[in-house]
Amino acid sequence: MAEPLLTLEGVHTHIGQYHILQGVDLALPKGGMTVLLGRNGAGKTTTLRTIMGLWKPSRGTVSFAGRPIGGLPTPDIAQAGIAYVPETMAVFADLTVAENMVLAARSGPVDPARLDWIFGLFPALKKFWQFPAGVLSGGQKQMLAIARAIAEPRTLILIDEPTKGIAPAIIEAMITAFAELKRETTILLVEQNFRFAASLGDHVAVMDDGRIVHRGAMADLARDEALQQRLLGLSLDTHQ
Amino acid sequence: GSAAAQTRDVKICLIAGRTGPLEAYAKQTEVGFMMGLEYLTRGTNTVAGMRIQVLVKDDQLRPDRGKALLEECYNDDGAALAVGTTGSPVALAMLPVAEEAKKILIVEPAVADSITGPRWNRYIFRTGRSSYQDALAAAASIPENEDVFIGMMGLDTAFGRDGVAAYKAALAAIRPRARIVAEEFAAGNTADFTPFAERLFAALKDRPGKRIIGFIWAGAHPMAKFVDMKPERFNIALAPGGNILPAMNAWKAFAGTEGGIYYYYDFPRNPLNDWLKAEYQKRHNAPPDFFVAGGFAAAAVVVAALEKAGSTDTEKLIAAMEGMTFQTPKGPMTFRKEDHQAMQEMYHFRIRPNGRDNDMLDLVRTIPASEMPLPITNGRRTN
Amino acid sequence: MPPVLETRDLTIRFGGHVAVDGVSCAFHAGTLTAIVGPNGAGKTTYFNLMSGQLAATSGQTLLDGDDISALGAAGRAQRGIGRAFQITNLFPNLTVGENVRLAAQARGRAKASLLSLWSSHRDWIAKADHYLEEVNLSGVRDTLAAALPHGDKRKLEVAIMMALEPQVFMFDEPTAGMSVDEVPVILDLIRKLKADGTKTILLVEHKMDVVRSLADRIVVLHNGRLVADGEPAEVIASPVVQEAYLGQAPKAVEATHG
Amino acid sequence: MTAAPAPASASDALPDIRHDYLPILLPVALSALALPFVGNPTTWVTLTVAALAMGMMIFVIASGLTLVFGLMDVLNFGHGAFIAVGAYIALSVLALLSGWVQADSLLWNLMALGLAVTVAMVGTGLLGLAFERVIVRPVYGQHLKQILITMGGLIVAEQLIHVIWGGDQKAMALPAALRGAVVIGEVAIERFRILTVAVGIVVFAAMILVLNRTRIGLLIRAGVENPEMVEALGYRIRRLFVGVFAVGSALAGLGGVLWALYRETLTAAIGGDVMVLVFIVIIIGGLGSVGGCFIGAILVAMMANYTAFLLPKVALASNILLMVAILMWRPQGLYPVAKR
Amino acid sequence: MNTLLSGDYPRSRILTGILAAIVLGLAFAPFLFSGAAAINTAAKVCIFIVLVASYDLLLGYTGIVSFAHTMFFGIGGYGVGLGLYAFGASWGVLALGILLALVVGVVLAFLIGLLSLRVRAIFYAMITLAVASAFLILATQFSEYTGGEDGRSFSVPQVLRPGYRLLDQPVFGTVINGRVLAYYLVFAMAVTLFLLALRVVNSPFGRVLQAIRENDMRAEALGYRVVYYRTVANCLAAGMAVLAGAMSAIWLRYTGPDTTLSFAIMLDILLMVVIGGMGTLYGAVIGATLFIVAQNYLQKLMATASTATEGIPLLPKLLHPDRWLLLLGLLFVLSVYFFPTGIVGRLRGKSG
Ligand SMILES: Nc1ncnc2c1ncn2[C@@H]1O[C@H](COP(=O)(O)OP(=O)(O)OP(=O)(O)O)[C@@H](O)[C@H]1O
Ligand SMILES: Nc1ncnc2c1ncn2[C@@H]1O[C@H](COP(=O)(O)OP(=O)(O)OP(=O)(O)O)[C@@H](O)[C@H]1O
Ligand SMILES: [Mg+2]
Ligand SMILES: [Mg+2]
C-alpha cells in the first residue's frame with residue numbers, strides 16, 4: 001500500500017473535562033473511500049472534528065500528506081485541501097444558496113461545468129439558488145452542505161452522515177456521484193446507512209468508546225453478517 | 001506658646017461634582033476655595049484659634065450621593081459646616097439635610113433660584129450667584145434707551161426655562177424698552193440648531209429696532225453654530241451669557257458680541273483678585289476662571305464667619321453671617337438677611353477684535369449690586 | 001369513525017413558492033400514516049401547518065371535528081397535537097431530565113403555578129423518568145442536552161413528545177442519524193403506541209423498510225401536492241412513487257443487501 | 001388507492017429578487033410632506049439642505065458601527081470611545097498645524113484637515129485592533145457581555161482621555177475657509193456642511209463597493225452565524241473580524257473628527273453622548289445594511305429639523321417616534337440584513 | 001428553611017458562608033457599624049438586591065434584555081415621592097403612592113411587553129432603551145409635577161424621620177431613631193421580596209421561563225404560550241422594581257431622574273447581575289453588595305493608593321480618586337473575563 005494520505009496515531013481528544021477520543025489510530029490510503037461506522041456516541045463526529053482542527057487533540061499525531069496538522073488552526077487545515085461536511089450541515093441560513101456556494105469555492109467563481117454536475121445531482125439547489133438557505137427543507141440543506149464540499153476539487157473530503165434525511169431517489173444519485181468523486185479524491189465517510197456505506201466503501205473502520213475496534217476491507221465486512229452483528233449490533237433484515 | 005495650645009481643629013466639608021460632566025467646574029471651585037483659605041489665613045489655615053481642616057468629597061453629580069455625603073459630613077465627620085455643590089439638583093437635595101442636622105450649608109456654585117427661594121431654609125447661605133442675578137446682569141448689558149427685540153435660545157431644562165423666565169422678569173424690572181418676542185428651547189444633545197435659528201431669525205428679522213438673540217445654556221454652547229448661520233444678514237446680534245474660559249475661547253472670532261458675566265479675571269480691581277491672578281497664573285499657567293472666584297468667595301465666608309462668631313456654634317454663626325459683608329476677588333459681597341443670598345457686582349463685557357485664547361473680553365461696565373434689584377422669593381418678607 | 005385530525009385544502013405559499021398545495025387528508029385514531037415524498041416535497045411544512053408552527057395561507061385544519069385553524073402552536077399542543085422535529089430542537093442548556101420534565105409539566109394542571117415548588121410535583125418527574133427509560137436515556141438524565149451525541153439527541157426529541165402524551169403524534173424522520181442498533185428502540189416504541197389503538201400517528205420517513213414495517217397507510221406528497229394515498233404495498237408499487245421518489249426499481253435496491 | 005394526476009415538473013414559479021425602492025422614497029416623501037407645513041420655501045430649503053448634510057454626518061459616525069454591529073453582530077458601545085479619541089487626536093494635530101488652519105486658503109485648510117483626519121483614522125484604527133483583541137474577542141455572539149465589556153471599554157477610554165487631554169471642554173476651531181455660510185438669496189448653507197456631504201458620499205460609495213463587489217460582506221455574515229464552518233471552508237475569519245473592526249473604528253474616528261469640528265467644542269463625553277442616536281439610526285436601517293443606515297441617518301436628521309421647526313416640543317422625542325413608526329412598518333428595519 | 005428558600009440552596013459552602021455574612025451584616029447593620037455612611041450603604045445594598053434580583057428574573061431566567069428597568073425603579077420612586085410631596089407625609093399616602101406606582105408600572109410593563117416581546121431580542125432591547133429615554137424626557141419635562149432635573153425632596157411619616165425616638169435608651173450603643181426604623185422597613189421589604197422571587201423562579205412557572213430562554217419556539221410547541229409567560233415575567237419584574245423604587249424613596253426622602261432613571265444605573269444593575277452570576281438569584285445578593293460597597297469606598301481606597309504610589313510616573317494620576325470611573329470601567333471588563341458565569345457560577349463550579 002502506498003503512503004497513506006491521512007494518518008491518526010494514538011489521538012486523544014478531550015472536550016472540557018470529558019475524555020472522548022481515547023487513542024484513535026487510523027490510516028487513510030490515497031484515493032477511494034473509507035467508511036467510519038459505530039454506534040451513537042462512539043466518537044465518529046469527534047474524530048472528524050479533530051482532523052479538521054475544530055477540537056484540538058490532547059495527545060497523538062494527525063498528519064496529512066506527510067505533514068503534521070494536529071494543532072494547526074482550522075483554516076490552515078482546510079487550505080491544505082480538506083473539505084468537511086459537518087453532521088449539523090452548518091449551512092449559512094442568512095445567506096442564499098448561491099452565496100453559500102460562493103464562499104465554498106475559495107479560489108474564485110465555481111466552474112460552470114462542475115456547477116452543472118452539482119445541479120444534476122441536487123436539482124433542488126438550482127431551484128432555490130437565490131433563496132436564503134434557512135428556508136430549505138431538511139434534505140435540501142443536507143444537499144447544500146455536500147455541494148459546498150464538492151464545489152471545488154479537494155484532496156480529502158470528510159463527510160458526516162450525508163444521507164441523513166435524504167430521499168431514496170437522491171441517495172441513488174449520490175451513490176453514483178460519490179463513486180465518481182472517489183476516483184479523484186479521497187473520502188472519509190461517517191455513515192449509519194449501511195447499505196449506502198457498503199455500496200461505496202473500499203475500507204471500513206468501526207469505532208466504539210473513542211477507539212477504533214475494527215479495520216479492514218468493506219467487502220469483507222459486508223459479507224460477514226456475524227461480524228456486523230458483533231460490531232454494529234445490526235440485523236440487516238429489518239433495518240437498513 | 002499658649003495661643004497654639006488653644007487652637008482646636010474645625011472640620012469643613014467641601015462637596016463638589018468632581019467627576020461627571022461638570023468635573024472642570026468642580027476642580028475650579030476646589031482650587032479657588034483652597035487658595036482663598038490660604039490667602040485669608042495667610043497660609044496658617046487658622047482663624048480665631050480654630051484650625052480649619054477641609055474634607056473634600058465627590059458627589060459625582062448625583063443627588064442621592066450628595067445627600068448621603070452631607071449626612072456623613074455632619075454626623076460622622078463632625079463637620080462644623082459644609083460648602084457645596086456644583087449641580088443644582090444635588091444642592092437642592094442637600095438643603096433638607098442641613099435643616100435636619102441644624103448645620104450650615106454654604107451653597108456654591110449651584111445657581112437654581114429656588115435654593116434661596118421656595119426651597120430655602122435658615123441654614124442655607126449662598127455665595128454663588130443665582131439664575132436671577134445672571135439674568136439681571138444680562139439685562140443690564142442691554143442698551144437702555146432704545147427699543148430692543150430679543151429672541152431667547154434656552155436649554156430645555158428647568159435651568160434653561162427658569163433662566164429665560166428670570167431674564168424676562170429682569171428686563172421688565174430694569175430695561176422696560178427691551179422685549180422678549182420669541183423663546184426657543186432645545187435639548188442639550190440637539191445635533192442641528194438650524195430649525196431653532198430659523199425660527200428665531202423669522203421672529204426677529206422684521207422688527208424695527210435692535211435685534212438680539214440671547215442664550216441660556218450650559219454645556220456645549222450653540223453660539224458658534226448661530227454665528228455660522230450669519231445672523232448679521234438680518235442685523236441680529238448675539239448675546240451669550242458669560243462662561244468658563246475654554247468655552248468662550250471658541251467665540252474669540254465673534255468680535256463685538258456683548259453680554260453679562262459673573263466673573264472674568266481681568267475685570268475686578270482689588271488686592272484679592274490681584275493676588276489670585278498672579279498666584280493662579282504661577283501655579284496653573286492660566287488665569288483664574290469663573291468658578292475659581294466662587295470657591296474663593298466661599299472660603300472668604302468661612303473665614304469671616306468663624307472670625308466674627310468666634311465659635312462653630314450654628315446659631316452664633318447664623319447670627320454672624322446674616323447681613324455680613326465680606327471681601328472676595330469680585331469685590332465685597334453681602335448676605336442679605338431675608339434669604340441669605342450674597343449680593344454682588346457683575347460685569348458687562350464685549351468680545352474684543354483680535355482676541356486671543358484666555359484674553360478676549362473688554363469690560364464695558366461693572367454693574368453694581370444696587371443696580372440689580374433681586375426679588376425675595378422664599379416667602380420671608382422684608383422687615 | 002370520524003377522523004381525529006383532518007386538513008381541508010391546506011395551502012401555504014412563500015412568495016411565489018407553494019410549499020403545500022391544497023392538501024386534504026384525514027387521519028384516524030389507531031392508525032399510523034406514513035407521509036413520504038422527495039426532499040422539499042412539503043412534508044415538514046405540512047406538519048408545521050398542522051401543529052401550528054406555520055399559519056396556512058388558506059384551508060383548514062380540524063381536530064376532533066373542530067376547526068383549529070386559528071389556534072397557534074401552543075394552543076394546538078394543549079389540545080393534544082404532539083410534535084417531534086426533523087432538525088433537533090431541544091433546550092440545549094437544560095439537562096436531559098429537565099427537557100422531558102418540561103414536556104410532562106406542559107400537560108399538568110399547575111403548569112403555570114407561581115408559588116408552588118416545581119420539585120413538589122412528583123408526578124411530572126416520575127413521568128419524565130418513565131419516558132427516559134423507554135428511550136434508553138436514563139443514564140444521561142443529568143447531562144446537558146447540548147452535550148449529547150447526535151443520535152441521543154434524536155431520541156430525546158422523541159422522548160419529549162412522548163412525555164407530552166398527546167393524542168396525535170407527529171414523527172419527522174425519528175431515526176435519521178440514529179445508529180442501527182438504536183433504531184429498533186424507536187420502532188418498538190412506535191409499535192407500542194400503535195398497539196394502544198387510540199393514538200393517531202403520523203410519520204415522515206425516508207427509510208422505506210421502516211415505512212413498510214410500520215405504516216397502515218401511505219400518503220405521498222410531491223411538490224406540495226398530495227399525489228397518492230392508500231395501502232402501503234399499492235402506493236409503493238405505483239409508478240408515480242417509483243419514479244418521483246424511489247428513483248430506481250425498488251427490487252434492485254433490496255437486492256443489494258437482501 | 002387514490003392518485004392525483006402527476007404534478008407538472010418542478011414548479012417553475014421562482015420569484016425573482018426584486019429591488020426594494022420604498023425606503024429610498026421615504027426621505028423624499030417626508031420632505032415633500034413637510035413643505036406645506038413649513039410654508040416658507042426658503043426656510044424649507046434651509047432646513048432640508050441642513051438635514052441632508054447632518055444626515056451624512058450621522059451616517060459617517062454610524063457607518064463604522066453598521067459594519068461592526070450589523071455584520072459582526074457586536075453591540076459595540078465602545079464605538080463612542082473611537083468617536084471621542086478620533087476627535088481628540090484631530091484636535092492635537094490641528095493644534096500643531098495651527099498655521100495651516102488659520103491661513104485663509106482653502107487648500108491649506110483642507111491639507112490640515114486631511115492630515116488630521118488621516119492621523120485620527122490611523123490612530124483609532126490601531127486602537128480598534130487592540131480593542132478587538134482585548135475587549136471584543138472573548139464575547140463574540142454574546143450580546144449581554146458585549147454591552148458590559150464594551151461599555152467598560154468606553155468608560156476606560158473616556159477616563160484616559162481625561163488623563164491625557166484633561167477634563168475641560170476644548171474649543172475645536174474650524175479652519176478659516178470652512179467657517180460661516182454660503183448665502184444664496186435668503187438661504188444660508190454652512191460651508192462645513194458641504195464638505196460633510198462630500199465625505200458622506202465617498203464613505204457610502206466605498207462601503208457599498210467593498211461589500212457588494214467582494215466576498216468580504218458575505219464572509220463576515222457567514223462568520224457571525226457559524227465561525228467554525230467558515231474556518232472549515234478555509235478562511236481566517238478571526239483575522240477578517242479584526243480587520244473589519246479596525247476599519248469600523250477608523251470610520252468612527254473620522255466621524256468623530258467631523259462631529260467635533262461641526263460642534264466646534266468637544267469633551268470626553270462627545271462619543272458616549274451620540275451613541276443612542278447612532279443605535280437608533282442603525283436599527284432603523286436594519287442592523288447592518290449600509291443603505292438602510294444611510295437612509296435612516298437622513299430620515300433622522302430630517303425628522304429632527306422639521307419637528308424642531310414645526311413642533312419644538314415633539315423634537316425631543318422625534319427620533320424615538322421615528323424609530324417606533326419605522327419598526328411598526330418594518331419590524332426588522334428598512335433593509336433587514338439578517339435574521340438574528 | 002426549605003420552604004423559605006424554596007428548596008434552592010446556595011449549593012456551595014463558601015457561597016453559603018458569604019451569603020450568611022451578608023445577611024447578618026445587613027440585619028444588624030445599625031448596631032454593627034456606626035455612622036450615617038455605613039447605614040446609608042447598607043440600605044442601598046438592600047434596595048439594589050431587590051432591584052437586581054428583579055432584573056435577573058428578566059435577564060437571567062427569561063433571557064429578556066431590557067434597558068427599561070430603571071424606568072420601573074423610577075416609577076416606584078416617583079410614586080412614593082410625588083405622593084408624599086404633594087399630599088403630605090402619612091402612611092395612607094405612602095401606601096397609596098406605592099399602590100398607584102405598582103399599577104402604573106405593571107400596566108406599562110404589560111403594554112411594552114405586548115407591543116414588543118414579539119420582535120427579535122435585540123430590537124426589544126433597543127425599543128426599551130428608547131422607551132426608557134422617552135420616559136426620562138417626560139419625567140424631566142413635566143417639571144411642575146416632577147421637579148424636573150432637580151427632583152423632589154419630601155418628608156416621610158413621623159416614625160421614620162431622624163428626629164423620632166422609639167426608645168429613650170440606646171440599644172447596644174445605638175439610638176433607635178426614625179432612621180433605624182426606616183432601615184428596618186427597607187430591610188424587611190428586601191427580605192420578603194427576595195424570598196418571593198426565589199419562590200417564583202423555583203415554581204413551575206419559573207422553570208417555563210428558563211425553557212423559554214433556552215428555546216422559545218420549542219416551548220411554544222410544548223403548549224406554553226410564550227407571550228403570556230414573557231409578559232407575566234415582565235410584569236413581575238417591573239412590579240418588583242417599582243417596589244425597589246419605593247424603598248429607595250422611603251430611604252432617601254428624595255426622588256429625581258439621576259437617582260432612579262439614569263442609564264448609568266441601568267448599567268450598574270447589569271454589571272451587578274453579571275458579577276453575581278446570571279440566572280442565580282443569590283448572584284443578585286452578592287453582586288449588589290460587592291458593587292455598592294466598592295462604589296462607596298472605592299474613592300477612599302483610591303486616594304490611599306494614589307498617595308502611596310506618589311513618585312511613580314502616571315500611576316498616581318490613574319489612581320486619583322477622580323478617576324474612579326476608570327476602575328469601574330476596568331471592573332466591567334475584568335468581570336467578563338474572570339467571572340463569565342458570575343461569582344456564584346464560579347463558586348458552584350461547573351457541576352452546579
Ligand atoms: N460539546 C460536547 N460536550 C461534551 N461532550 C460531548 C460534546 N460533544 C460530544 N460529546 C460527547 O462525546 C462523545 C462522542 O460524541 P460524537 O458526537 O463524536 O459521537 P458520534 O459517534 O458522532 O455519534 P452520533 O452517531 O450520534 O453522531 C459522546 O459521548 C458525546 O456525549
Ligand atoms: N419559509 C420558507 N420560505 C420559502 N420556502 C420555504 C420556506 N419553508 C419551506 N420552504 C420550501 O418549501 C419546500 C418544502 O419544504 P419541507 O421542509 O416541507 O420539505 P420536506 O418535504 O420536509 O423535505 P425533506 O424531506 O427534505 O425534509 C421546500 O422546497 C422549502 O425550500
Ligand atoms: Mg456524530
Ligand atoms: Mg422535512
# chains A, B, ... in the order shown; residues from 1 in each chain; ligands from 1
>>> interface_residues(of="chain E", to="chain D", cutoff="6 Å", atoms="only C-alpha atoms", output="count of residues only")
5
>>> residues_near_ligand(ligand="ligand 1", cutoff="9 Å", atoms="only C-alpha atoms and all ligand atoms", output="NGL selection string")
(:A and (14-21 or 37-49 or 87 or 160-161 or 190-192 or 207-210)) or (:C and (140 or 143-144 or 146-154 or 177-179))
>>> interface_residues(of="chain C", to="chain D", cutoff="6 Å", atoms="only C-alpha atoms", output="ChimeraX atom specification")
/C:16,227-230
>>> interface_residues(of="chain E", to="chain B", cutoff="6 Å", atoms="only C-alpha atoms", output="ChimeraX atom specification")
/E:35-37,150,322
>>> closest_atom_pairs(of="chain C", to="ligand 2", cutoff="6 Å", atoms="only C-alpha atoms and all ligand atoms", output="Markdown table")
| residue | atom | partner | partner_atom_place_in_ligand_line | distance |
| --- | --- | --- | --- | --- |
| C:Phe14 | CA | ligand 2 | 4 (C) | 4.7 |
| C:Ala19 | CA | ligand 2 | 12 (O) | 4.2 |
| C:Pro38 | CA | ligand 2 | 25 (O) | 5.9 |
| C:Asn39 | CA | ligand 2 | 26 (O) | 3.4 |
| C:Gly40 | CA | ligand 2 | 19 (O) | 3.4 |
| C:Ala41 | CA | ligand 2 | 21 (O) | 3.8 |
| C:Gly42 | CA | ligand 2 | 18 (O) | 3.1 |
| C:Lys43 | CA | ligand 2 | 21 (O) | 3.6 |
| C:Thr44 | CA | ligand 2 | 22 (O) | 3.5 |
| C:Thr45 | CA | ligand 2 | 18 (O) | 3.5 |
>>> select_by_dssp(residues="region 161-281 of chain E", states="helix (DSSP H, G or I)", output="NGL selection string")
:E and (178-201 or 204-214 or 216-221 or 226-252 or 257-260 or 263-276 or 281)
>>> write_last_selection(atoms="C-alpha atoms", output="mmCIF file, in the first residue's frame")
data_model
loop_
_atom_site.group_PDB
_atom_site.id
_atom_site.type_symbol
_atom_site.label_atom_id
_atom_site.label_comp_id
_atom_site.auth_asym_id
_atom_site.auth_seq_id
_atom_site.Cartn_x
_atom_site.Cartn_y
_atom_site.Cartn_z
ATOM 1 C CA GLY E 178 -36.589 57.015 62.873
ATOM 2 C CA ARG E 179 -33.681 56.316 60.555
ATOM 3 C CA VAL E 180 -33.074 52.954 62.153
ATOM 4 C CA LEU E 181 -36.757 52.155 61.859
ATOM 5 C CA ALA E 182 -36.729 53.237 58.228
ATOM 6 C CA TYR E 183 -33.759 50.990 57.686
ATOM 7 C CA TYR E 184 -35.564 48.016 59.123
ATOM 8 C CA LEU E 185 -38.576 48.743 56.995
ATOM 9 C CA VAL E 186 -36.354 48.680 53.929
ATOM 10 C CA PHE E 187 -34.573 45.563 55.150
ATOM 11 C CA ALA E 188 -37.809 43.712 55.802
ATOM 12 C CA MET E 189 -39.132 44.590 52.368
ATOM 13 C CA ALA E 190 -35.907 43.379 50.802
ATOM 14 C CA VAL E 191 -36.001 40.032 52.586
ATOM 15 C CA THR E 192 -39.649 39.447 51.747
ATOM 16 C CA LEU E 193 -39.286 40.373 48.117
ATOM 17 C CA PHE E 194 -36.142 38.351 47.670
ATOM 18 C CA LEU E 195 -37.689 35.212 49.150
ATOM 19 C CA LEU E 196 -40.719 35.752 46.976
ATOM 20 C CA ALA E 197 -38.555 35.972 43.897
ATOM 21 C CA LEU E 198 -36.733 32.831 44.937
ATOM 22 C CA ARG E 199 -40.061 31.092 45.186
ATOM 23 C CA VAL E 200 -41.120 32.280 41.752
ATOM 24 C CA VAL E 201 -38.017 31.029 39.984
ATOM 25 C CA PRO E 204 -43.248 25.526 37.639
ATOM 26 C CA PHE E 205 -43.721 28.977 36.174
ATOM 27 C CA GLY E 206 -40.074 29.809 36.743
ATOM 28 C CA ARG E 207 -38.999 26.630 35.031
ATOM 29 C CA VAL E 208 -41.024 27.508 31.994
ATOM 30 C CA LEU E 209 -39.259 30.863 31.878
ATOM 31 C CA GLN E 210 -35.952 29.080 31.666
ATOM 32 C CA ALA E 211 -37.276 26.847 28.922
ATOM 33 C CA ILE E 212 -38.342 29.915 27.003
ATOM 34 C CA ARG E 213 -34.929 31.444 27.471
ATOM 35 C CA GLU E 214 -33.369 28.321 26.020
ATOM 36 C CA ASP E 216 -38.856 29.776 22.858
ATOM 37 C CA MET E 217 -40.064 28.082 19.731
ATOM 38 C CA ARG E 218 -39.809 24.668 21.358
ATOM 39 C CA ALA E 219 -41.579 25.896 24.467
ATOM 40 C CA GLU E 220 -44.399 27.111 22.293
ATOM 41 C CA ALA E 221 -44.569 23.705 20.633
ATOM 42 C CA VAL E 226 -44.542 32.277 25.245
ATOM 43 C CA VAL E 227 -46.071 35.723 25.061
ATOM 44 C CA TYR E 228 -48.093 35.039 28.180
ATOM 45 C CA TYR E 229 -45.105 33.862 30.189
ATOM 46 C CA ARG E 230 -42.861 36.627 28.995
ATOM 47 C CA THR E 231 -45.463 39.239 29.706
ATOM 48 C CA VAL E 232 -46.110 37.929 33.191
ATOM 49 C CA ALA E 233 -42.366 37.781 33.853
ATOM 50 C CA ASN E 234 -42.075 41.323 32.574
ATOM 51 C CA CYS E 235 -44.872 42.488 34.857
ATOM 52 C CA LEU E 236 -43.464 40.643 37.864
ATOM 53 C CA ALA E 237 -40.027 42.088 37.356
ATOM 54 C CA ALA E 238 -41.500 45.524 36.805
ATOM 55 C CA GLY E 239 -43.580 45.264 39.947
ATOM 56 C CA MET E 240 -40.569 44.278 41.964
ATOM 57 C CA ALA E 241 -38.544 47.119 40.517
ATOM 58 C CA VAL E 242 -41.342 49.526 41.398
ATOM 59 C CA LEU E 243 -41.170 48.328 44.984
ATOM 60 C CA ALA E 244 -37.413 48.766 44.979
ATOM 61 C CA GLY E 245 -38.005 52.309 43.783
ATOM 62 C CA ALA E 246 -40.446 52.848 46.621
ATOM 63 C CA MET E 247 -37.883 51.537 49.102
ATOM 64 C CA SER E 248 -35.334 53.908 47.679
ATOM 65 C CA ALA E 249 -37.697 56.863 48.010
ATOM 66 C CA ILE E 250 -38.562 55.953 51.593
ATOM 67 C CA TRP E 251 -34.925 55.744 52.478
ATOM 68 C CA LEU E 252 -33.598 58.761 50.596
ATOM 69 C CA PRO E 257 -34.070 61.421 37.496
ATOM 70 C CA ASP E 258 -30.375 60.977 38.292
ATOM 71 C CA THR E 259 -31.160 58.804 41.250
ATOM 72 C CA THR E 260 -33.643 56.453 39.666
ATOM 73 C CA PHE E 263 -28.790 54.977 32.101
ATOM 74 C CA ALA E 264 -25.788 54.790 34.405
ATOM 75 C CA ILE E 265 -27.907 52.973 36.981
ATOM 76 C CA MET E 266 -29.123 50.620 34.302
ATOM 77 C CA LEU E 267 -25.527 49.728 33.569
ATOM 78 C CA ASP E 268 -24.751 49.289 37.231
ATOM 79 C CA ILE E 269 -27.630 46.840 37.505
ATOM 80 C CA LEU E 270 -26.382 44.928 34.504
ATOM 81 C CA LEU E 271 -22.945 44.741 35.986
ATOM 82 C CA MET E 272 -24.248 43.574 39.340
ATOM 83 C CA VAL E 273 -26.227 40.800 37.681
ATOM 84 C CA VAL E 274 -23.252 39.651 35.689
ATOM 85 C CA ILE E 275 -20.732 39.870 38.510
ATOM 86 C CA GLY E 276 -23.033 37.977 40.801
ATOM 87 C CA LEU E 281 -30.833 34.965 42.446
#
